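Here is the structure we will look at.
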Amino acid sequence: MLEAARMFQMQAMRLYCFVHVLLAAEAFQSSTIIPRNYLFASLSPTRRPLPAESTCTTAGTALNLEPAVVAGSVIAAGAAGVWLSGAENRQWRAELAENKQREREVRERRAKLAYVEPKDVWSEKELAQYDGSDPDGPILLAIDGTVFNVWKGRSFYGMGGEYHIMAGRDATRLLAKTTLEEETEEEKNKPLTIAEKAALEGWFWTFKNKYDVVGRSEGYAGR
């Protein structure tokens, strides 16, 4: 229907422009000025009498145009434009609402698949089961004794993600040191510096504001 309306509008606008060209030619030949309300004079009940028709002669060919025809073409072009604009707006709103509904359904489906029942304590072995290897399942990691389900950041922590090394484990020291490399045994035995603890605090609140807390990690001895 929109395509048909566009075609109608194009035809109406072509007629509208064609009429203006003919009227301009007539005005030039007769050395007279066309009144501003000429095109719509036929619609006014109090209009002054106008000639029954206007004649424009070009290259020996006479074309007769009644004012009512001129006015009708103008009104048709305007009406077509208004109708088309309104139809496109309604279609755009309908498509927008449909897309939002589809996105909402996708989010709800993903949240359901990635849900994990919270529990008081998670062991290291239990965390390892949710390392992001399941493309739709939950992804758990622990920070400073708190376990988060970071499925919303699957592109980061899932398989192939930049921070996948942190998934399914205690990522406290990795985040504190802002590193993606495993520590040596010697490094693991060193306490965090003040700067590293400050960095860890910032990461902790970032995760808490973004992801779901699902419990505590077992045996966490603190920083």
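By order in the structure tokens, chains are A, B, ...; within a chain, residues start at 1; ligands start at 1, following the order shown.
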- Message: Neighbouring residues of Tyr157 (chain A) were defined as those with any atom within 10 Å, considering only C-alpha atoms; residues of the same chain fewer than 3 positions away were excluded. Please report them as a PyMOL selection string.
- Response: chain A and resi 131-133+139-141+150-154+160-168
Selected residues written out, N, CA and C atoms, as an mmCIF file, in the first residue's frame:
```cif
data_model
loop_
_atom_site.group_PDB
_atom_site.id
_atom_site.type_symbol
_atom_site.label_atom_id
_atom_site.label_comp_id
_atom_site.auth_asym_id
_atom_site.auth_seq_id
_atom_site.Cartn_x
_atom_site.Cartn_y
_atom_site.Cartn_z
ATOM 1 N N ASP A 131 32.212 -22.056 33.997
ATOM 2 C CA ASP A 131 33.327 -21.269 33.457
ATOM 3 C C ASP A 131 33.031 -20.655 32.098
ATOM 4 N N GLY A 132 31.769 -20.682 31.674
ATOM 5 C CA GLY A 132 31.404 -20.074 30.394
ATOM 6 C C GLY A 132 31.495 -21.008 29.217
ATOM 7 N N SER A 133 31.819 -22.287 29.467
ATOM 8 C CA SER A 133 31.891 -23.242 28.359
ATOM 9 C C SER A 133 30.512 -23.526 27.774
ATOM 10 N N ILE A 139 27.688 -17.951 34.206
ATOM 11 C CA ILE A 139 29.152 -17.805 34.294
ATOM 12 C C ILE A 139 29.450 -17.214 35.674
ATOM 13 N N LEU A 140 30.171 -17.953 36.484
ATOM 14 C CA LEU A 140 30.449 -17.506 37.842
ATOM 15 C C LEU A 140 31.918 -17.145 38.009
ATOM 16 N N LEU A 141 32.147 -16.147 38.825
ATOM 17 C CA LEU A 141 33.507 -15.819 39.261
ATOM 18 C C LEU A 141 33.409 -15.150 40.623
ATOM 19 N N VAL A 150 28.092 -13.575 36.020
ATOM 20 C CA VAL A 150 28.416 -12.515 35.050
ATOM 21 C C VAL A 150 27.944 -12.869 33.643
ATOM 22 N N TRP A 151 26.836 -13.591 33.522
ATOM 23 C CA TRP A 151 26.344 -14.013 32.207
ATOM 24 C C TRP A 151 26.036 -12.831 31.296
ATOM 25 N N LYS A 152 25.693 -11.686 31.872
ATOM 26 C CA LYS A 152 25.405 -10.508 31.053
ATOM 27 C C LYS A 152 26.648 -10.030 30.317
ATOM 28 N N GLY A 153 27.822 -10.402 30.824
ATOM 29 C CA GLY A 153 29.071 -10.043 30.157
ATOM 30 C C GLY A 153 29.661 -11.236 29.428
ATOM 31 N N ARG A 154 28.789 -12.054 28.841
ATOM 32 C CA ARG A 154 29.240 -13.278 28.182
ATOM 33 C C ARG A 154 30.299 -13.006 27.102
ATOM 34 N N GLY A 160 36.282 -17.804 24.479
ATOM 35 C CA GLY A 160 36.811 -16.915 23.452
ATOM 36 C C GLY A 160 36.809 -15.460 23.860
ATOM 37 N N GLY A 161 36.234 -15.144 25.021
ATOM 38 C CA GLY A 161 36.198 -13.761 25.487
ATOM 39 C C GLY A 161 37.558 -13.314 26.012
ATOM 40 N N GLU A 162 37.763 -12.026 26.030
ATOM 41 C CA GLU A 162 39.054 -11.471 26.441
ATOM 42 C C GLU A 162 39.391 -11.806 27.888
ATOM 43 N N TYR A 163 38.356 -11.887 28.760
ATOM 44 C CA TYR A 163 38.590 -12.139 30.187
ATOM 45 C C TYR A 163 38.118 -13.528 30.616
ATOM 46 N N HIS A 164 38.095 -14.454 29.665
ATOM 47 C CA HIS A 164 37.632 -15.809 29.980
ATOM 48 C C HIS A 164 38.465 -16.467 31.076
ATOM 49 N N ILE A 165 39.717 -16.067 31.229
ATOM 50 C CA ILE A 165 40.586 -16.641 32.244
ATOM 51 C C ILE A 165 40.034 -16.447 33.660
ATOM 52 N N MET A 166 39.175 -15.460 33.844
ATOM 53 C CA MET A 166 38.622 -15.167 35.166
ATOM 54 C C MET A 166 37.373 -15.975 35.492
ATOM 55 N N ALA A 167 36.780 -16.619 34.498
ATOM 56 C CA ALA A 167 35.509 -17.313 34.697
ATOM 57 C C ALA A 167 35.702 -18.654 35.395
ATOM 58 N N GLY A 168 34.740 -19.004 36.262
ATOM 59 C CA GLY A 168 34.752 -20.297 36.948
ATOM 60 C C GLY A 168 35.812 -20.413 38.021
#
```
- Task: Using CA of Arg107 (chain A) and CA of Ala128 (chain A) as the two end points, give the distance in Å to one decimal.
- Result: 24.9 Å
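Comparing A:Leu175, A:Ala114, A:Leu180, A:Val213 by their smallest distance to Ala199 (chain A), the closest is A:Leu175 (using only C-alpha atoms).
Going from CA of Lys208 (chain A) to CA of Val106 (chain A) covers 23.5 Å.
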- Atomic distance CA of Lys119 (chain A) - CA of Leu192 (chain A), expressed in Å with one decimal: 28.1 Å
